[in-house]
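Data block below; observations after.
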Amino acid sequence: MGSADVSPLWYWLVFFAYIVFLIVVGLNAYRTQKATASAEEEHNDYWITGRSQPAYMVGMSVASGWMLIGMITWMTWATYDLGLSGLWVVAIPWFFSNIWQFLMARPLRRIKAISQCQMLEKRFGLPARILSAPINIFSYTIWSAAELYAASLIMAPALGISIEAMIIIYAIPIAIYMWMGGFRSVINANVVQFFMGAIILIVTAVAMYLTAKGIATARGTTIFGMLEAQPIVNSMAYPVDSTQNSASFFAYVSLSFPLIVMLGLVPGWAAAEDFWLKAQAARSTSEARRGGLYSLTFNTFIIVAPAAVIGLFGLIVFPPEATDGVYAAASSLGDKGAYNIISAYINTYMPPMLKGLLIFLLSAHTMSTVANYSNITAMNLSYDVLQPLIYKKRNWSDAKIVKWSRMVTVFMIVINILLALLYNSPVIGATLNDAYFLSSGLLTAGISVMLYVLWWKRATLLGVMLGGLFGTLGTFIFFILEYKVWAFSYNTPIWDWIFGPGAMANSYYGYCVVGLVCGIAGVIIGTYASPPPTAEQLSAIADKPIDNNEEFFAGMHS
């Protein structure tokens, strides 16, 4: 990403100022935790801020955590390549997953547990907690490492350093402020990072609209008129009707693709632990539900809508180029095609200082995603695995547990650094898409099938264990077959008979659906092959949400 007309010194100055801000955030959180009455309260604050967050903090923090560079550029790519039909690829499932999350705010607060893994233990037993933790850790680690790498790709040229050095420089302040304040640092920094992301998307969307409108007016037409005249690019060859254009909301040859997206992505995104944790951290259930509504509003109007229309405006600002009748992304977008629309527009059309500001905001904002997901993985490792298996069995004091919790957080940042460096290695065949796609599939098939049966009274430990195992293995195995072996050329029984040959293969999400079917099959087989749960197990789900914090934390530690 070129930025020759903006001095690297400017970037270094604002970057260091931002690091100072993050450290101050961490220091304030550290002081707050050390001022608590006991080490147990400090521990509770480190992971969930003592359940004290107001609705606006929940909403802003969730939205900030979901302003991922990968997801935003994925949305712009989708609408550039598929026009309005591209909304079905990311934007529409994301919108529905936000509605689902809002609906989950009340039921999840009926369980006296912080993490999703602990919720599973309360309802089914310790094995469910231990099985779910590694799946979550893997999913969120490869995703946050991908975000760390993606941000470094943007900022390294601006600072004039290597990508490897940028990855490390990025991660150090994250490790420091998270070590100091844990979840409190994350959620406090998210507020500023939310506004960072909002500025980037809104300014870019408005500027691109004005540019696109100017181009359309000069040609005696409108933006929509130009979209109607624009054939679909479709570089990933989704099953679309070749007679449709970029103004078509539904250009697919059948309902197969939208159905696959809804089945494969929405359940997993709705089960994202980022939201569940923040809803549980709200000071009341009504605040959690309002936070969910704020998140839905922020995601829809500040993330989804701007990112999607940026892709549509990109069709006009960076018109696709036809070679032998086949349309591809404009050569000016580089080898990443429509994924580069935001950065290409900022570099091409923005004045130097505004360009410098937006580049910095775009890259620095990514710290919110890396911090959010690193906090989750650290919690899953320390709180869900090490605490029941090591800390408690060795009768460690609360003070010692807190120290180890902080060290595990730093350890997970180091893992992120190592993985991000691997993404930059030419020897490794993994791509950012592999990380985003595989993570989404695992959240659906490996995690959500376990979580959503928390409220099914017949569900058993064996059912949950088999559901998690079958879903995870099914996703991994079919992902490798689909992406690396069959290269999207295979036939699917029943589905292809209903929707036509290759309907599943052409979606690129077959592994999500197969994994989900495997997970559901595991839950059903295991549940009905074992005795019904006991009354004690069912009592883990209270009849109504628990807003009394004293009752909540007492039950959580029991």
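Identifiers in this document derive from the order of the structure tokens: chains are assigned A, B, ..., residues are numbered from 1 separately in each chain, and ligands are numbered from 1 in order of occurrence.
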Quiz item: Which polymer residues have any atom within 8 Å of an atom of Val240 (chain A), counting only C-alpha atoms, with same-chain residues fewer than 6 positions away left out, as number ranges by chain?
Solution: A: 251-253
Can you spit out the residues from that selection as a short mmCIF file (atom, residue, chain, number, x, y, z; two decimals), in the first residue's frame, using N, CA, C and O atoms?
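Output contents, as saved in out16.cif:
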data_model
loop_
_atom_site.label_atom_id
_atom_site.label_comp_id
_atom_site.auth_asym_id
_atom_site.auth_seq_id
_atom_site.Cartn_x
_atom_site.Cartn_y
_atom_site.Cartn_z
N ALA A 251 -29.19 -13.04 -8.10
CA ALA A 251 -28.71 -13.46 -9.42
C ALA A 251 -28.31 -14.93 -9.46
O ALA A 251 -27.83 -15.41 -10.49
N TYR A 252 -28.48 -15.62 -8.35
CA TYR A 252 -28.07 -17.03 -8.31
C TYR A 252 -29.06 -17.89 -9.08
O TYR A 252 -30.24 -17.56 -9.23
N VAL A 253 -28.58 -19.01 -9.60
CA VAL A 253 -29.43 -19.86 -10.42
C VAL A 253 -30.49 -20.58 -9.59
O VAL A 253 -31.47 -21.08 -10.14
#
Self-check item: Spatial neighbours of Ser397 (chain A), max dist 10 Å, only C-alpha atoms, sep filter under 5 positions, as an MDAnalysis selection string
Solution: chainID A and resid 39:40 391:392 402
Exercise. Within 9 Å of region 498-500 of chain A, counting only C-alpha atoms, which residues show up once you throw out same-chain ones fewer than 2 positions away? Write them as a PyMOL selection string, please.
Key: chain A and resi 254-256+494-496+502-504
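Counting only C-alpha atoms, the residue from A:Asn375, A:Ser425, A:Ser295, A:Thr79 that sits nearest to Phe249 (chain A) is A:Thr79.
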Quiz prompt | Top pick for closest residue to Ser368 (chain A), considering A:Trp100, A:Phe194, A:Tyr30, A:Phe95 and counting only C-alpha atoms | solution = A:Phe194
Practice problem: Return the single residue from A:Phe124, A:Trp497, A:Trp77, A:Trp94 that is closest to Lys457 (chain A), with distances computed using only C-alpha atoms. | Solution: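 For Lys457 (chain A), the nearest of the candidates is A:Phe124.
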